[in-house]
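A.B. asks: Questions regarding the structure given below will be posed in turn.
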Amino acid sequence: MNQWRKTAVEGWEAWIGETDRIAVTVVPELGSKAVSLQNRKTGREWLWRSAKPLGNEGYGTFFASGDESGWDEMFPAINAGAYPQAPWQGRAIPDHGEVWSRAWEHQATSSALTCRIGGVQFPYVLEKTYTFPAVDTLRIDYAVTNLSGAPFSFLWAAHPLLQVREGMKLHVPADLTNIEVSYSVEGRLGAFGDKQSWPLARSAAGGPVDLSTVEPNAGRFAEKYYFSGRLSTGYAGISDPATGEALMFHFPADRVPYLAVWANYGGFGGNYHVALEPATGRMDELAHAVREGEAAVVPARGVYRWHLDISMK
């Protein structure tokens, strides 16, 4: 039977929810981030942890100035930038958004943990509720409520930094065959907006790059890319052929129609991890997504809902 209980992680109040198969630990004060996602059957910890102490430097600071660990929520954008539309045109959105660096309100019962936060520059409430619909599945239900009389455009992306090792495999729907580069250290995959094939891309030096296989920690490469176009199936996963273990994400493609990958093989901050990022918009800057018609919109006084199911084997 699943249950939520209070604990502490490095002095921060935290909540652990678990079944016989899964355990997740959430720290509401630190952007409501998950700091642990463990397979209780095998003992495998899926979330990556840096050597920095848990914490961040507060609203408006850079993500890299904090612990850079675990699973944060990116909202209402990922890159820092100005909101592009009236009536909030020009208002600043910080790096990685408004909510990862602030404390969330929270409420726990025996079967659910609900976390909630309001906007700083914008009139919204973002809420998420963790439950376990099955012994091997964690569900996160999300809702953005627009408190204003004008439509609100946003980007949300999951940001689970996953522990990886060379040779692990990424899995996406079979009809995804092209990507668009958002960021590439040394320009290995090209510049912003450049297109590549999936899974076999071509490096700037001309050699093949198998994007579906986790590369070694070479200390040089780090890439963020989005799959081109809208998803027909909301699915992404990562597996370890050496152990048979896997982590799968399922989500409604009509509400979360885009998918990104952040693959850091030592090229950014010397860190080694991969993130599978289901997203409500495409590319990391809200103004770009709005121009391309690829941002999510909450109607005036409306609510936008979606969910993620995270399962393990």
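Ordering of the structure tokens sets the chain letters (A, B, ...), residue numbers begin anew at 1 in every chain, and ligands are numbered from 1 in the order given.
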Any idea what's packed within 10 Å of region 216-222 of chain A, counting only C-alpha atoms, ignoring anything in its chain fewer than 6 positions away? Could you give it as number ranges by chain?
C.D. replies: A: 164-167, 183-189, 262-274
A.B. asks: Leaving out Ala23 (chain A) and any residue of its chain fewer than 5 positions from it, which residues lie within 6 Å of it when counting only C-alpha atoms, given as a compact mmCIF listing (two decimals) with C-alpha atoms, in the first residue's frame?
C.D. replies:
```
# COMPACT_ATOMS: atom_id res chain seq x y z
CA GLY A 17 5.80 8.49 -1.30
CA GLU A 18 6.26 4.81 -2.01
CA LEU A 37 13.20 8.43 -7.76
CA GLN A 38 14.11 4.90 -6.83
```
A.B. asks: Quick one: pick out all strand (DSSP E) residues within region 10-144 of chain A from a backbone DSSP run and write them as a PyMOL selection string.
C.D. replies: chain A and resi 12-18+22-27+33-39+71-74+81-82+92-93+105-108+113-118+124-134+137-144
A.B. asks: Looking at A:Leu308, A:Ala275, A:Ile16, A:Met74, which one is nearest to Leu155 (chain A), with distances taken over only C-alpha atoms?
C.D. replies: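 The closest residue to Leu155 (chain A) is A:Met74.
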A.B. asks: Write out as an NGL selection string each polymer residue whose atoms come within 9 Å of Val9 (chain A), counting only C-alpha atoms; drop sequence neighbours fewer than 5 positions from it.
C.D. replies: :A and (14 or 25 or 27 or 35 or 54)
A.B. asks: Next, write the just-selected residues to a file, as a CSV table (one decimal), in the first residue's frame, keeping all heavy atoms as the atom set.
C.D. replies:
```csv
chain,number,residue,atom,x,y,z
A,14,ALA,N,11.1,17.2,3.6
A,14,ALA,CA,10.8,16.4,2.4
A,14,ALA,C,9.7,15.4,2.7
A,14,ALA,O,9.4,15.1,3.8
A,14,ALA,CB,12.1,15.7,1.9
A,25,THR,N,11.0,11.1,-3.6
A,25,THR,CA,11.2,12.0,-2.5
A,25,THR,C,11.1,13.5,-3.1
A,25,THR,O,11.8,13.8,-4.0
A,25,THR,CB,12.5,11.9,-1.8
A,25,THR,OG1,12.7,10.5,-1.4
A,25,THR,CG2,12.7,12.8,-0.6
A,27,VAL,N,10.9,17.8,-2.3
A,27,VAL,CA,11.3,18.8,-1.3
A,27,VAL,C,10.5,20.1,-1.7
A,27,VAL,O,10.9,20.8,-2.6
A,27,VAL,CB,12.8,19.1,-1.3
A,27,VAL,CG1,13.1,20.2,-0.3
A,27,VAL,CG2,13.6,17.9,-1.0
A,35,VAL,N,14.0,14.8,-5.5
A,35,VAL,CA,15.5,14.6,-5.3
A,35,VAL,C,15.8,13.1,-5.4
A,35,VAL,O,17.0,12.8,-5.4
A,35,VAL,CB,16.0,15.2,-3.9
A,35,VAL,CG1,15.8,16.7,-4.0
A,35,VAL,CG2,15.2,14.6,-2.8
A,54,LEU,N,22.2,20.7,-1.6
A,54,LEU,CA,20.8,21.1,-2.1
A,54,LEU,C,20.5,22.5,-1.8
A,54,LEU,O,20.8,23.0,-0.7
A,54,LEU,CB,19.8,20.2,-1.4
A,54,LEU,CG,19.6,18.8,-1.9
A,54,LEU,CD1,18.5,18.1,-1.2
A,54,LEU,CD2,19.3,18.8,-3.4
```
A.B. asks: For Tyr83 (chain A), please output as a list in words all residues within 12 Å (counting only C-alpha atoms; exclusion window: fewer than 6 positions along the same chain).
C.D. replies: Pro76, Ala77, Gln89, Gly90, Arg91, Ala92, Ile93, Pro94, Gly97, Gln121, Phe122, Phe152, Ser153, Phe154, Leu155, Glu285, Leu286, Ala287, His288, Ala289, Val290 and Arg291 of chain A
A.B. asks: Between A:Thr280, A:Gln107, A:Thr19, A:Ser50, which has the minimum distance to Leu138 (chain A) (counting only C-alpha atoms)?
C.D. replies: A:Thr19
A.B. asks: Show me, as a ChimeraX atom specification, the residues that have an atom within 12 Å of Met283 (chain A) when counting only C-alpha atoms, minus same-chain residues fewer than 3 positions from it.
C.D. replies: /A:77-79,154-157,179-183,192-194,224-229,258-262,277-280,286-295
A.B. asks: Name the residues in contact with Gly31 (chain A) at a cut-off of 8 Å, using only C-alpha atoms, excluding same-chain residues fewer than 2 positions from it; report them as a ChimeraX atom specification.
C.D. replies: /A:27-29,33,72-73,99-104
A.B. asks: Between A:Cys115, A:Leu231, A:Met248, A:Leu162, which has the minimum distance to Arg44 (chain A) (counting only C-alpha atoms)?
C.D. replies: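 Checking each candidate against Arg44 (chain A), we get A:Leu162 as the closest.
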A.B. asks: Among region 39-282 of chain A, which ones does DSSP place in helix (DSSP H, G or I), written as a PyMOL selection string?
C.D. replies: chain A and resi 63-65+185-187
A.B. asks: Output all heavy atoms for every residue in that selection, as an mmCIF file, in the first residue's frame.
C.D. replies:
```cif
data_model
loop_
_atom_site.group_PDB
_atom_site.id
_atom_site.type_symbol
_atom_site.label_atom_id
_atom_site.label_comp_id
_atom_site.auth_asym_id
_atom_site.auth_seq_id
_atom_site.Cartn_x
_atom_site.Cartn_y
_atom_site.Cartn_z
ATOM 1 N N PHE A 63 19.911 28.836 -13.008
ATOM 2 C CA PHE A 63 19.753 27.447 -12.593
ATOM 3 C C PHE A 63 21.091 26.836 -12.176
ATOM 4 O O PHE A 63 21.172 26.097 -11.192
ATOM 5 C CB PHE A 63 19.120 26.652 -13.735
ATOM 6 C CG PHE A 63 18.793 25.233 -13.393
ATOM 7 C CD1 PHE A 63 17.687 24.928 -12.615
ATOM 8 C CD2 PHE A 63 19.585 24.196 -13.850
ATOM 9 C CE1 PHE A 63 17.382 23.609 -12.284
ATOM 10 C CE2 PHE A 63 19.275 22.873 -13.544
ATOM 11 C CZ PHE A 63 18.178 22.592 -12.750
ATOM 12 N N ALA A 64 22.151 27.161 -12.911
ATOM 13 C CA ALA A 64 23.464 26.578 -12.637
ATOM 14 C C ALA A 64 24.075 27.087 -11.340
ATOM 15 O O ALA A 64 25.051 26.516 -10.848
ATOM 16 C CB ALA A 64 24.420 26.851 -13.791
ATOM 17 N N SER A 65 23.510 28.138 -10.751
ATOM 18 C CA SER A 65 24.012 28.620 -9.467
ATOM 19 C C SER A 65 23.429 27.822 -8.305
ATOM 20 O O SER A 65 23.870 27.982 -7.163
ATOM 21 C CB SER A 65 23.695 30.114 -9.290
ATOM 22 O OG SER A 65 22.307 30.327 -9.143
ATOM 23 N N VAL A 185 26.935 22.327 -27.558
ATOM 24 C CA VAL A 185 28.291 22.749 -27.222
ATOM 25 C C VAL A 185 29.235 22.411 -28.367
ATOM 26 O O VAL A 185 29.155 21.338 -28.956
ATOM 27 C CB VAL A 185 28.742 22.072 -25.910
ATOM 28 C CG1 VAL A 185 30.218 22.304 -25.656
ATOM 29 C CG2 VAL A 185 27.927 22.595 -24.733
ATOM 30 N N GLU A 186 30.098 23.340 -28.679
ATOM 31 C CA GLU A 186 31.055 23.220 -29.790
ATOM 32 C C GLU A 186 30.350 23.148 -31.144
ATOM 33 O O GLU A 186 30.984 22.849 -32.147
ATOM 34 C CB GLU A 186 31.989 22.007 -29.622
ATOM 35 C CG GLU A 186 32.909 22.083 -28.423
ATOM 36 C CD GLU A 186 33.929 20.958 -28.391
ATOM 37 O OE1 GLU A 186 33.981 20.146 -29.336
ATOM 38 O OE2 GLU A 186 34.691 20.906 -27.407
ATOM 39 N N GLY A 187 29.006 23.368 -31.161
ATOM 40 C CA GLY A 187 28.277 23.303 -32.419
ATOM 41 C C GLY A 187 28.305 21.945 -33.060
ATOM 42 O O GLY A 187 28.159 21.809 -34.285
#
```
A.B. asks: Just want the 8 Å neighbourhood of Trp48 (chain A), counted on only C-alpha atoms, with same-chain residues fewer than 3 positions away dropped. Output as number ranges by chain.
C.D. replies: A: 45, 69-70, 161-163, 273
A.B. asks: Write a file of the selected residues as a PDB file, in the first residue's frame, keeping N, CA, C and O atoms.
C.D. replies:
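That gives us result15.pdb:
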```pdb
ATOM      1  N   GLU A  45      18.727   4.126  -8.187  1.00  0.00           N
ATOM      2  CA  GLU A  45      18.346   5.535  -8.112  1.00  0.00           C
ATOM      3  C   GLU A  45      18.414   6.115  -9.520  1.00  0.00           C
ATOM      4  O   GLU A  45      19.463   6.094 -10.160  1.00  0.00           O
ATOM      5  N   SER A  69      20.286  19.611  -9.468  1.00  0.00           N
ATOM      6  CA  SER A  69      20.061  18.181  -9.264  1.00  0.00           C
ATOM      7  C   SER A  69      18.603  17.807  -9.404  1.00  0.00           C
ATOM      8  O   SER A  69      17.713  18.646  -9.311  1.00  0.00           O
ATOM      9  N   GLY A  70      18.368  16.496  -9.584  1.00  0.00           N
ATOM     10  CA  GLY A  70      17.027  15.962  -9.465  1.00  0.00           C
ATOM     11  C   GLY A  70      16.089  16.393 -10.575  1.00  0.00           C
ATOM     12  O   GLY A  70      16.488  16.573 -11.723  1.00  0.00           O
ATOM     13  N   LEU A 161      16.684  15.114 -14.379  1.00  0.00           N
ATOM     14  CA  LEU A 161      18.074  14.805 -14.702  1.00  0.00           C
ATOM     15  C   LEU A 161      18.357  13.373 -14.247  1.00  0.00           C
ATOM     16  O   LEU A 161      18.315  13.068 -13.056  1.00  0.00           O
ATOM     17  N   LEU A 162      18.640  12.510 -15.208  1.00  0.00           N
ATOM     18  CA  LEU A 162      18.731  11.077 -14.951  1.00  0.00           C
ATOM     19  C   LEU A 162      20.185  10.611 -14.893  1.00  0.00           C
ATOM     20  O   LEU A 162      21.012  11.006 -15.721  1.00  0.00           O
ATOM     21  N   GLN A 163      20.458   9.749 -13.918  1.00  0.00           N
ATOM     22  CA  GLN A 163      21.762   9.089 -13.882  1.00  0.00           C
ATOM     23  C   GLN A 163      21.864   8.136 -15.068  1.00  0.00           C
ATOM     24  O   GLN A 163      20.948   7.351 -15.318  1.00  0.00           O
ATOM     25  N   HIS A 273      24.683  13.485 -17.390  1.00  0.00           N
ATOM     26  CA  HIS A 273      23.295  13.081 -17.168  1.00  0.00           C
ATOM     27  C   HIS A 273      22.497  13.302 -18.447  1.00  0.00           C
ATOM     28  O   HIS A 273      22.962  13.956 -19.389  1.00  0.00           O
TER      29      HIS A 273
END
```
A.B. asks: Have a look at A:Ser311, A:Ser148, A:Asn39, A:Ser110 and name the one nearest to Tyr235 (chain A); count only C-alpha atoms.
C.D. replies: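 Of A:Ser311, A:Ser148, A:Asn39, A:Ser110, the one nearest Tyr235 (chain A), counting only C-alpha atoms, is A:Ser311.
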A.B. asks: Sorted by chain and rising residue number, which residues of region 80-126 of chain A lie within 6 Å of region 141-146 of chain A, and what are their closest atom pairs and distances in Å to one decimal, counting only C-alpha atoms, as CSV?
C.D. replies:
```
residue,atom,partner,partner_atom,distance
A:Tyr124,CA,A:Asn146,CA,4.7
A:Val125,CA,A:Thr145,CA,5.2
A:Leu126,CA,A:Val144,CA,4.6
```
A.B. asks: Can you write just those residues out, C-alpha atoms, as a PDB file, in the first residue's frame?
C.D. replies:
```pdb
ATOM      1  CA  TYR A 124      -1.469  32.035 -12.421  1.00  0.00           C
ATOM      2  CA  VAL A 125      -1.514  29.129  -9.996  1.00  0.00           C
ATOM      3  CA  LEU A 126       0.441  25.978 -10.900  1.00  0.00           C
TER       4      LEU A 126
END
```
A.B. asks: Which value, in Å to one decimal, gives the distance between CA of Leu30 (chain A) and CA of Asp254 (chain A)?
C.D. replies: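 Separating CA of Leu30 (chain A) from CA of Asp254 (chain A) is a distance of 29.8 Å.
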